[in-house]
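Data block below; observations after.
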Amino acid sequence: MAAAPRPLAPNFSVGAYPLAVAGAAFIIAVISPSAGSDTYWQLAMGRWMLDHHAFLRQEIFSSTAAGTHLRVGEWLGQLAFAGSFDAMGWAGVAVLRAALIAVAAFFIVRLARRGGAPWWISLFLVVAALLVSKITWTDGPRLFTLALFPALLVLLLSLPGGFSRRLLVLPPLFLVWTNLNGEYLLGLAVVAIFAAEAVLSNGRRGVPLALTAIACVAVTFLNPAPLEQAGAALEEFLNPPRFLTEFRPPDVVTPAGALFAGFVLLVIGTALLRGGSLLEAMLLAPLLYLAFTAQRQMVFFCFAATAFLGARLTTLVPPWRPYELPAPARIPVALALVVAALASVLAAPAHPDDRAYPAAALDALRQDSGVLLNEYDWGGYLIFNLPERPVFIDGRYAPYVGRVLDDYQKLVGLRPGWRDLLEKYNVSELLLEPQRPLAVALREDGWRVRSVDTDGRWILLARP
Amino acid sequence: MRTRSSWSLPLFMGGVFGALSTLATIGDPDLFWHLAQGRQTVTEGLARLDTFSWSVNGLPVLTDQWLGQVIWYEAYAALGWNGVIVLRALLVAGLATLVVAGALTVQRRPIIAVLAALPAMALTRFAWTERPQLMGLLCFSALILLVRASADRPRRLLAAPVLIVLWANLHASFALGLAVLAIACGEIWLRRPDARRLLLAVLAASIVATLLTPSGISIWTSSSGHFLSPPRIVQEEGVPDVTQSYGMFFAFVVLAVFVTAQLARPTVLREAALLVPVLFVSMTAARHTPFFAVASVAYLAGHAPDAIAAIAFHRGARTS
């Protein structure tokens, strides 16, 4: 009698490639120190919630918006990062970031391999997609969406028509996602698209997915502030805050923009030559529009495009049999990379890259307590490192939209009325880039230089 | 060959859009220095050094749009501001005529051809400016029509060098035209070995044609500089923004091509080779967005009905 088949072995072999790429992505991601300005305020909010065992519903970090209502929708994502920080310091933040990017890489490989795309085509797509995503590797709750989005796509693309037990995974997934990051809405939209396509294509066999989509929507209300989350996401979509780089439209003469353009051109070019499908059109067209609205959204189009490009490119390139790793060697290689990834945790940086921040100004700032006017990008850094000194503005921008943000731009840009605003807010100190018109003007007005960066990155001025 | 009667619809649409363009006021801030430079060229000869400013006085100036500036100035000199409006209307009419004619090369049903041309014309509305740039767009439309008409009759490409030499003296966007021409020649080269000598001659003559301007070889620095490093500080050189009205039209055209490519029958290499590079150029700056809209009209006219039918069939197949 023949030996019973061992189904786990081929499964491991199939999973070896994604695992290997995920391991490599982890190693690359874990060695970078934290650098994003938003990371600091995300950690500060998470730390406050950990310390007080409550949601942070009122603004406490700024002098200009103190007491105003705060959105708490991403509480779980902030807690996760703050918990990692508490456990391992900045290395913990790097490890969590790397883990999420590794998850994303794992599922993107699965997407790119659909339709039997050879490893070299899929690897090319995966690397390109991850490079596009690199501009959004800021340590914060959004990384959860970066990981969950490709996972959701893999799940949805693997669904058979009709009912499947895999559908049961979706509501719990959204229950967690909705509390992690506001962009769960994108996931909901994707589920809705798949449901609509399933109903269009399969009629009644698409109903289970449609019902599951409704259940997913329902569980997203199990969030401390579901409508606030949705409202904020909608506002960002309709009126992207263009003064923030990540919300500007994709610029194809930048590296990430050029890669994004490459994806767009590849998808359209290959579809022109080989055609596509209703699902691809329904899924990628909205994601393409979303990507056009802001460069931070490019990544989702690129991730989703890998699911269709791999197979189509395979039909367009000449038949070629590149070197394939022998099947028995694949699992050991993947395991070696995973072990290396685990070992690389030791190389996780214990300190953030704070060269872009006014670290040397902190001591001087501690000695005073007046109203501080700070650079927008440094607000989060100050919140985290100097919570006793309320900021004027910071990267959360939502509490400041309208009045404070407008006033800030008038002030630092030396627009008409700036002197009145300086008095209105009773600003006693300012920490700005020295070339800001306001900094130049106030130096000429006789404001005292309390501290200045020797490399010319910041200046701390005090009212005379 | 197109019959005389088949030009009636393009000419009619050209008349409609030309007339519509007269409703727009003259307001492009660059018009005035173009007119001044055109006047200087007509009265004193082509100036190669700046005379209008005190800050860069005596420094070299670009002469890449000299013919366009002269034409705008002559229109102004002849009829005043009405002359500018009439010239703009003629250029817009020419543009609409060529765009609709391009759609009719692949689509016999006039209503569909016109519908396919409408998004492009809506997007070109943002380029209906009183500047040589509008002439560049007209040349681009002419080249697209020529390239499509040459697919089976490569000898028609013999007209390309003439168009390129005119274009190179009107506006720096001729570089895109040369690139499109090279791509078209490359595609025909693959299909028609018998035409290779002709294609080489056309391409060589077109390259030489770009040098037949007062700027000579330096005309290329103007084009490449703008393309590789767009001055984003200038609004029209900014990244296409789909939350602006022109950007919405651009997004609509891109998505229309995108969805059509997904759902319609696959097309030939020529179409992909033409549309993909032009799309990239259009994505580089707001002012370039009309190029893709114009280039894609014929494709949409020919294939969008298939895509719509595919969706209808999808639904019909399920309900039946």
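Naming scheme: A, B, ... for chains in displayed order of the structure tokens; residues 1 onward per chain; ligands 1 onward as shown.
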message = What's around B:Ala209 at 8 Å? Count only C-alpha atoms, leave out sequence neighbours fewer than 4 positions away in its own chain, and write the answer as a PyMOL selection string.
response = chain B and resi 161-162+164-165+168+205
Output the selection as a PDB file, in the first residue's frame - all heavy atoms for each residue.
ATOM      1  N   PRO B 161       7.622  65.136 -41.100  1.00  0.00           N
ATOM      2  CA  PRO B 161       8.698  66.135 -40.932  1.00  0.00           C
ATOM      3  C   PRO B 161       8.212  67.564 -41.153  1.00  0.00           C
ATOM      4  O   PRO B 161       8.686  68.490 -40.483  1.00  0.00           O
ATOM      5  CB  PRO B 161       9.721  65.722 -41.995  1.00  0.00           C
ATOM      6  CG  PRO B 161       9.472  64.271 -42.215  1.00  0.00           C
ATOM      7  CD  PRO B 161       8.008  64.087 -42.060  1.00  0.00           C
ATOM      8  N   VAL B 162       7.267  67.725 -42.061  1.00  0.00           N
ATOM      9  CA  VAL B 162       6.733  69.070 -42.313  1.00  0.00           C
ATOM     10  C   VAL B 162       6.011  69.582 -41.064  1.00  0.00           C
ATOM     11  O   VAL B 162       6.183  70.731 -40.630  1.00  0.00           O
ATOM     12  CB  VAL B 162       5.760  69.049 -43.521  1.00  0.00           C
ATOM     13  CG1 VAL B 162       5.198  70.445 -43.775  1.00  0.00           C
ATOM     14  CG2 VAL B 162       6.462  68.497 -44.749  1.00  0.00           C
ATOM     15  N   ILE B 164       6.509  68.543 -38.030  1.00  0.00           N
ATOM     16  CA  ILE B 164       7.462  68.720 -36.930  1.00  0.00           C
ATOM     17  C   ILE B 164       8.219  70.046 -37.068  1.00  0.00           C
ATOM     18  O   ILE B 164       8.449  70.746 -36.072  1.00  0.00           O
ATOM     19  CB  ILE B 164       8.458  67.532 -36.878  1.00  0.00           C
ATOM     20  CG1 ILE B 164       7.716  66.231 -36.530  1.00  0.00           C
ATOM     21  CG2 ILE B 164       9.584  67.804 -35.875  1.00  0.00           C
ATOM     22  CD1 ILE B 164       7.302  66.067 -35.094  1.00  0.00           C
ATOM     23  N   VAL B 165       8.614  70.401 -38.278  1.00  0.00           N
ATOM     24  CA  VAL B 165       9.368  71.652 -38.429  1.00  0.00           C
ATOM     25  C   VAL B 165       8.490  72.851 -38.068  1.00  0.00           C
ATOM     26  O   VAL B 165       8.944  73.816 -37.437  1.00  0.00           O
ATOM     27  CB  VAL B 165       9.977  71.777 -39.848  1.00  0.00           C
ATOM     28  CG1 VAL B 165       8.935  72.122 -40.895  1.00  0.00           C
ATOM     29  CG2 VAL B 165      11.074  72.844 -39.865  1.00  0.00           C
ATOM     30  N   ALA B 168       8.082  72.737 -34.179  1.00  0.00           N
ATOM     31  CA  ALA B 168       9.299  73.118 -33.445  1.00  0.00           C
ATOM     32  C   ALA B 168       9.468  74.640 -33.410  1.00  0.00           C
ATOM     33  O   ALA B 168      10.120  75.167 -32.512  1.00  0.00           O
ATOM     34  CB  ALA B 168      10.509  72.465 -34.079  1.00  0.00           C
ATOM     35  N   ALA B 205      14.514  62.682 -41.015  1.00  0.00           N
ATOM     36  CA  ALA B 205      14.087  64.002 -41.492  1.00  0.00           C
ATOM     37  C   ALA B 205      13.387  64.781 -40.376  1.00  0.00           C
ATOM     38  O   ALA B 205      13.563  66.003 -40.253  1.00  0.00           O
ATOM     39  CB  ALA B 205      13.149  63.847 -42.687  1.00  0.00           C
TER      40      ALA B 205
END
* Report as a PyMOL selection string: the residues of stretch 95-230 of chain A with a DSSP assignment of helix (DSSP H, G or I), based on the backbone of this structure. => chain A and resi 95-112+114-116+119-136+142-157+165-180+184-219+226-230
Check which residues of chain A sit at most 9 Å from chain B using only C-alpha atoms, and return one row each with the closest pair of atoms and their distance in Å to one decimal, ordered by chain and rising number, as a Markdown table.
| residue | atom | partner | partner_atom | distance |
| --- | --- | --- | --- | --- |
| A:Leu200 | CA | B:Arg315 | CA | 6.3 |
| A:Ser201 | CA | B:Arg318 | CA | 6.5 |
| A:Asn202 | CA | B:Arg318 | CA | 7.0 |
| A:Gly203 | CA | B:Arg318 | CA | 6.7 |
| A:Leu238 | CA | B:Thr243 | CA | 7.5 |
| A:Asn239 | CA | B:Thr243 | CA | 7.7 |
| A:Pro240 | CA | B:Thr243 | CA | 8.6 |
| A:Arg248 | CA | B:Asp241 | CA | 8.2 |
| A:Pro249 | CA | B:Asp241 | CA | 5.9 |
| A:Pro250 | CA | B:Val239 | CA | 7.0 |
| A:Asp251 | CA | B:Val239 | CA | 5.8 |
| A:Val252 | CA | B:Thr284 | CA | 5.8 |
| A:Val253 | CA | B:Thr284 | CA | 6.8 |
| A:Ala261 | CA | B:Phe280 | CA | 6.9 |
| A:Gly262 | CA | B:Phe280 | CA | 8.5 |
| A:Val264 | CA | B:Phe280 | CA | 9.0 |
| A:Leu265 | CA | B:Val276 | CA | 5.8 |
| A:Leu266 | CA | B:Val276 | CA | 8.3 |
| A:Val267 | CA | B:Phe258 | CA | 8.2 |
| A:Ile268 | CA | B:Phe258 | CA | 5.8 |
| A:Gly269 | CA | B:Ala272 | CA | 5.4 |
| A:Thr270 | CA | B:Ala272 | CA | 8.0 |
| A:Ala271 | CA | B:Ala261 | CA | 5.2 |
| A:Leu272 | CA | B:Ala261 | CA | 4.8 |
| A:Leu273 | CA | B:Pro266 | CA | 5.0 |
| A:Arg274 | CA | B:Pro266 | CA | 5.2 |
| A:Gly275 | CA | B:Gln262 | CA | 4.9 |
| A:Gly276 | CA | B:Gln262 | CA | 3.9 |
| A:Ser277 | CA | B:Gln262 | CA | 5.5 |
| A:Leu278 | CA | B:Leu263 | CA | 6.5 |
| A:Glu280 | CA | B:Gln262 | CA | 7.2 |
| A:Ala281 | CA | B:Val259 | CA | 5.4 |
| A:Met282 | CA | B:Val259 | CA | 8.1 |
| A:Leu284 | CA | B:Phe258 | CA | 8.9 |
| A:Ala285 | CA | B:Leu255 | CA | 6.2 |
| A:Pro286 | CA | B:Leu255 | CA | 8.6 |
| A:Leu288 | CA | B:Leu255 | CA | 7.9 |
| A:Tyr289 | CA | B:Ala251 | CA | 6.8 |
| A:Phe292 | CA | B:Val242 | CA | 6.3 |
| A:Thr293 | CA | B:Val242 | CA | 5.9 |
| A:Ala294 | CA | B:Asp241 | CA | 8.7 |
Write the residues of the preceding selection, restricted to N, CA and C atoms, as a short mmCIF file (atom, residue, chain, number, x, y, z; two decimals), in the first residue's frame.
data_model
loop_
_atom_site.label_atom_id
_atom_site.label_comp_id
_atom_site.auth_asym_id
_atom_site.auth_seq_id
_atom_site.Cartn_x
_atom_site.Cartn_y
_atom_site.Cartn_z
N LEU A 200 -23.25 40.37 -9.17
CA LEU A 200 -23.39 40.61 -10.62
C LEU A 200 -23.05 39.36 -11.42
N SER A 201 -22.00 38.69 -11.00
CA SER A 201 -21.51 37.55 -11.79
C SER A 201 -22.20 36.24 -11.45
N ASN A 202 -22.48 36.06 -10.18
CA ASN A 202 -22.97 34.75 -9.73
C ASN A 202 -24.39 34.76 -9.20
N GLY A 203 -25.02 35.91 -9.20
CA GLY A 203 -26.40 35.95 -8.71
C GLY A 203 -26.49 35.56 -7.27
N LEU A 238 -12.20 63.94 0.34
CA LEU A 238 -12.81 65.02 -0.44
C LEU A 238 -11.96 66.29 -0.43
N ASN A 239 -11.36 66.56 0.70
CA ASN A 239 -10.53 67.77 0.83
C ASN A 239 -9.17 67.42 1.41
N PRO A 240 -8.32 66.77 0.63
CA PRO A 240 -7.03 66.37 1.18
C PRO A 240 -6.25 67.60 1.65
N ARG A 248 -0.38 65.31 -0.94
CA ARG A 248 -0.30 65.93 -2.27
C ARG A 248 -0.50 64.85 -3.34
N PRO A 249 -0.89 65.25 -4.54
CA PRO A 249 -1.10 64.25 -5.59
C PRO A 249 0.22 63.56 -5.95
N PRO A 250 0.14 62.37 -6.49
CA PRO A 250 1.37 61.65 -6.86
C PRO A 250 2.20 62.45 -7.86
N ASP A 251 3.49 62.51 -7.59
CA ASP A 251 4.39 63.24 -8.47
C ASP A 251 5.30 62.20 -9.16
N VAL A 252 5.09 62.01 -10.43
CA VAL A 252 5.77 60.91 -11.12
C VAL A 252 7.24 61.19 -11.41
N VAL A 253 7.72 62.37 -11.04
CA VAL A 253 9.16 62.59 -11.19
C VAL A 253 9.91 62.31 -9.88
N ALA A 261 3.61 55.30 -11.22
CA ALA A 261 3.28 55.48 -12.63
C ALA A 261 3.56 54.20 -13.41
N GLY A 262 4.66 53.54 -13.03
CA GLY A 262 4.99 52.26 -13.68
C GLY A 262 3.87 51.25 -13.51
N VAL A 264 0.69 51.93 -12.95
CA VAL A 264 -0.48 52.38 -13.73
C VAL A 264 -0.28 52.02 -15.20
N LEU A 265 0.90 52.33 -15.71
CA LEU A 265 1.16 52.09 -17.13
C LEU A 265 1.18 50.60 -17.43
N LEU A 266 1.74 49.81 -16.50
CA LEU A 266 1.76 48.36 -16.73
C LEU A 266 0.35 47.78 -16.74
N VAL A 267 -0.46 48.23 -15.79
CA VAL A 267 -1.83 47.70 -15.73
C VAL A 267 -2.59 48.07 -17.00
N ILE A 268 -2.50 49.34 -17.38
CA ILE A 268 -3.24 49.76 -18.57
C ILE A 268 -2.65 49.14 -19.83
N GLY A 269 -1.33 49.16 -19.92
CA GLY A 269 -0.67 48.62 -21.12
C GLY A 269 -0.96 47.14 -21.31
N THR A 270 -0.84 46.37 -20.25
CA THR A 270 -1.09 44.93 -20.38
C THR A 270 -2.57 44.64 -20.60
N ALA A 271 -3.42 45.45 -19.98
CA ALA A 271 -4.86 45.25 -20.20
C ALA A 271 -5.24 45.57 -21.64
N LEU A 272 -4.59 46.59 -22.21
CA LEU A 272 -4.86 46.91 -23.61
C LEU A 272 -4.53 45.71 -24.50
N LEU A 273 -3.47 45.02 -24.16
CA LEU A 273 -3.00 43.92 -25.01
C LEU A 273 -3.65 42.58 -24.70
N ARG A 274 -4.03 42.39 -23.44
CA ARG A 274 -4.55 41.08 -23.05
C ARG A 274 -5.96 41.12 -22.47
N GLY A 275 -6.49 42.32 -22.23
CA GLY A 275 -7.80 42.41 -21.61
C GLY A 275 -7.71 42.17 -20.11
N GLY A 276 -8.82 42.36 -19.43
CA GLY A 276 -8.85 42.17 -17.98
C GLY A 276 -10.13 41.49 -17.58
N SER A 277 -10.68 41.95 -16.48
CA SER A 277 -11.92 41.33 -16.01
C SER A 277 -12.77 42.39 -15.33
N LEU A 278 -14.03 42.05 -15.13
CA LEU A 278 -14.93 42.99 -14.46
C LEU A 278 -14.45 43.26 -13.04
N GLU A 280 -11.42 43.12 -11.87
CA GLU A 280 -10.23 43.97 -11.88
C GLU A 280 -10.63 45.43 -12.13
N ALA A 281 -11.54 45.62 -13.07
CA ALA A 281 -11.98 46.99 -13.36
C ALA A 281 -12.66 47.60 -12.14
N MET A 282 -13.55 46.81 -11.51
CA MET A 282 -14.29 47.33 -10.37
C MET A 282 -13.39 47.61 -9.17
N LEU A 284 -9.76 47.99 -9.25
CA LEU A 284 -8.61 48.88 -9.47
C LEU A 284 -9.01 50.30 -9.86
N ALA A 285 -10.12 50.46 -10.55
CA ALA A 285 -10.49 51.82 -10.98
C ALA A 285 -10.70 52.75 -9.78
N PRO A 286 -11.48 52.35 -8.77
CA PRO A 286 -11.61 53.25 -7.60
C PRO A 286 -10.29 53.45 -6.86
N LEU A 288 -7.39 53.44 -8.19
CA LEU A 288 -6.56 54.35 -9.00
C LEU A 288 -7.00 55.78 -8.75
N TYR A 289 -8.30 55.99 -8.70
CA TYR A 289 -8.77 57.36 -8.43
C TYR A 289 -8.30 57.81 -7.04
N PHE A 292 -4.80 58.84 -7.13
CA PHE A 292 -4.62 60.15 -7.75
C PHE A 292 -4.90 61.29 -6.76
N THR A 293 -5.75 61.01 -5.76
CA THR A 293 -6.11 62.10 -4.84
C THR A 293 -4.95 62.47 -3.91
N ALA A 294 -4.15 61.48 -3.51
CA ALA A 294 -3.06 61.77 -2.57
C ALA A 294 -2.00 60.68 -2.67
#
List the neighbours of stretch 414-416 of chain A out to 12 Å using only C-alpha atoms; skip same-chain residues closer than 6 positions along the sequence, and give me the result as an mmCIF file with all heavy atoms, in the first residue's frame.
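Result file is out.cif:
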data_model
loop_
_atom_site.group_PDB
_atom_site.id
_atom_site.type_symbol
_atom_site.label_atom_id
_atom_site.label_comp_id
_atom_site.auth_asym_id
_atom_site.auth_seq_id
_atom_site.Cartn_x
_atom_site.Cartn_y
_atom_site.Cartn_z
ATOM 1 N N ASP A 406 -4.957 78.020 10.208
ATOM 2 C CA ASP A 406 -4.905 79.254 9.401
ATOM 3 C C ASP A 406 -4.036 80.308 10.086
ATOM 4 O O ASP A 406 -3.225 80.979 9.439
ATOM 5 C CB ASP A 406 -6.317 79.811 9.177
ATOM 6 C CG ASP A 406 -7.131 78.912 8.260
ATOM 7 O OD1 ASP A 406 -6.529 78.026 7.634
ATOM 8 O OD2 ASP A 406 -8.358 79.100 8.191
ATOM 9 N N ASP A 407 -4.241 80.443 11.384
ATOM 10 C CA ASP A 407 -3.454 81.429 12.126
ATOM 11 C C ASP A 407 -1.963 81.077 12.093
ATOM 12 O O ASP A 407 -1.116 81.960 11.951
ATOM 13 C CB ASP A 407 -3.935 81.502 13.583
ATOM 14 C CG ASP A 407 -5.307 82.165 13.694
ATOM 15 O OD1 ASP A 407 -5.747 82.747 12.679
ATOM 16 O OD2 ASP A 407 -5.923 82.080 14.762
ATOM 17 N N TYR A 408 -1.680 79.787 12.230
ATOM 18 C CA TYR A 408 -0.280 79.349 12.190
ATOM 19 C C TYR A 408 0.357 79.719 10.845
ATOM 20 O O TYR A 408 1.477 80.255 10.801
ATOM 21 C CB TYR A 408 -0.221 77.834 12.411
ATOM 22 C CG TYR A 408 1.128 77.220 12.121
ATOM 23 C CD1 TYR A 408 2.168 77.323 13.048
ATOM 24 C CD2 TYR A 408 1.376 76.544 10.925
ATOM 25 C CE1 TYR A 408 3.412 76.768 12.779
ATOM 26 C CE2 TYR A 408 2.603 75.992 10.656
ATOM 27 C CZ TYR A 408 3.624 76.098 11.578
ATOM 28 O OH TYR A 408 4.860 75.566 11.314
ATOM 29 N N LEU A 422 0.149 87.274 17.015
ATOM 30 C CA LEU A 422 1.204 87.038 18.002
ATOM 31 C C LEU A 422 0.739 87.501 19.385
ATOM 32 O O LEU A 422 0.989 86.835 20.400
ATOM 33 C CB LEU A 422 2.457 87.816 17.571
ATOM 34 C CG LEU A 422 3.822 87.224 17.876
ATOM 35 C CD1 LEU A 422 3.976 85.838 17.298
ATOM 36 C CD2 LEU A 422 4.937 88.135 17.355
ATOM 37 N N GLN A 435 14.938 80.112 8.647
ATOM 38 C CA GLN A 435 14.614 80.853 7.416
ATOM 39 C C GLN A 435 13.138 81.225 7.310
ATOM 40 O O GLN A 435 12.744 81.880 6.350
ATOM 41 C CB GLN A 435 15.058 80.073 6.173
ATOM 42 C CG GLN A 435 14.262 78.841 5.860
ATOM 43 C CD GLN A 435 14.778 77.608 6.586
ATOM 44 O OE1 GLN A 435 15.481 77.729 7.584
ATOM 45 N NE2 GLN A 435 14.444 76.429 6.089
ATOM 46 N N ARG A 436 12.329 80.810 8.276
ATOM 47 C CA ARG A 436 10.921 81.205 8.263
ATOM 48 C C ARG A 436 10.835 82.734 8.314
ATOM 49 O O ARG A 436 11.526 83.370 9.143
ATOM 50 C CB ARG A 436 10.198 80.635 9.485
ATOM 51 C CG ARG A 436 9.926 79.153 9.425
ATOM 52 C CD ARG A 436 8.712 78.871 8.592
ATOM 53 N NE ARG A 436 8.238 77.503 8.793
ATOM 54 C CZ ARG A 436 7.291 76.953 8.057
ATOM 55 N NH1 ARG A 436 6.718 77.654 7.081
ATOM 56 N NH2 ARG A 436 6.909 75.719 8.283
ATOM 57 N N PRO A 437 9.961 83.318 7.488
ATOM 58 C CA PRO A 437 9.859 84.782 7.512
ATOM 59 C C PRO A 437 9.614 85.344 8.908
ATOM 60 O O PRO A 437 10.171 86.374 9.273
ATOM 61 C CB PRO A 437 8.674 85.049 6.576
ATOM 62 C CG PRO A 437 8.671 83.891 5.635
ATOM 63 C CD PRO A 437 9.140 82.718 6.434
ATOM 64 N N LEU A 438 8.796 84.636 9.723
ATOM 65 C CA LEU A 438 8.507 85.137 11.062
ATOM 66 C C LEU A 438 9.774 85.168 11.920
ATOM 67 O O LEU A 438 10.011 86.127 12.665
ATOM 68 C CB LEU A 438 7.442 84.255 11.732
ATOM 69 C CG LEU A 438 7.042 84.682 13.143
ATOM 70 C CD1 LEU A 438 6.393 86.053 13.139
ATOM 71 C CD2 LEU A 438 6.092 83.659 13.779
ATOM 72 N N ALA A 439 10.579 84.110 11.814
ATOM 73 C CA ALA A 439 11.812 84.056 12.601
ATOM 74 C C ALA A 439 12.748 85.197 12.195
ATOM 75 O O ALA A 439 13.364 85.852 13.050
ATOM 76 C CB ALA A 439 12.494 82.701 12.409
ATOM 77 N N VAL A 440 12.836 85.434 10.892
ATOM 78 C CA VAL A 440 13.702 86.513 10.402
ATOM 79 C C VAL A 440 13.194 87.858 10.921
ATOM 80 O O VAL A 440 13.961 88.681 11.442
ATOM 81 C CB VAL A 440 13.740 86.499 8.855
ATOM 82 C CG1 VAL A 440 14.534 87.699 8.336
ATOM 83 C CG2 VAL A 440 14.343 85.193 8.345
ATOM 84 N N ALA A 441 11.873 88.056 10.805
ATOM 85 C CA ALA A 441 11.300 89.348 11.199
ATOM 86 C C ALA A 441 11.459 89.597 12.696
ATOM 87 O O ALA A 441 11.803 90.705 13.121
ATOM 88 C CB ALA A 441 9.822 89.387 10.810
ATOM 89 N N LEU A 442 11.203 88.568 13.506
ATOM 90 C CA LEU A 442 11.273 88.781 14.953
ATOM 91 C C LEU A 442 12.704 88.961 15.438
ATOM 92 O O LEU A 442 12.950 89.677 16.413
ATOM 93 C CB LEU A 442 10.593 87.617 15.689
ATOM 94 C CG LEU A 442 9.066 87.577 15.535
ATOM 95 C CD1 LEU A 442 8.457 86.451 16.353
ATOM 96 C CD2 LEU A 442 8.430 88.901 15.950
#
*Give the strand (DSSP E) residues of stretch 235-446 of chain A, as assigned by DSSP on the backbone, as a list of chain:residue names.*
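Listing strand (DSSP E) positions across stretch 235-446 of chain A yields A:Val371, A:Leu372, A:Leu373, A:Asn374, A:Val427, A:Ser428, A:Glu429, A:Leu430, A:Leu431, A:Leu432.
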re atom CA of B:Val114 and atom CA of B:Gln133: distance 24.2 Å
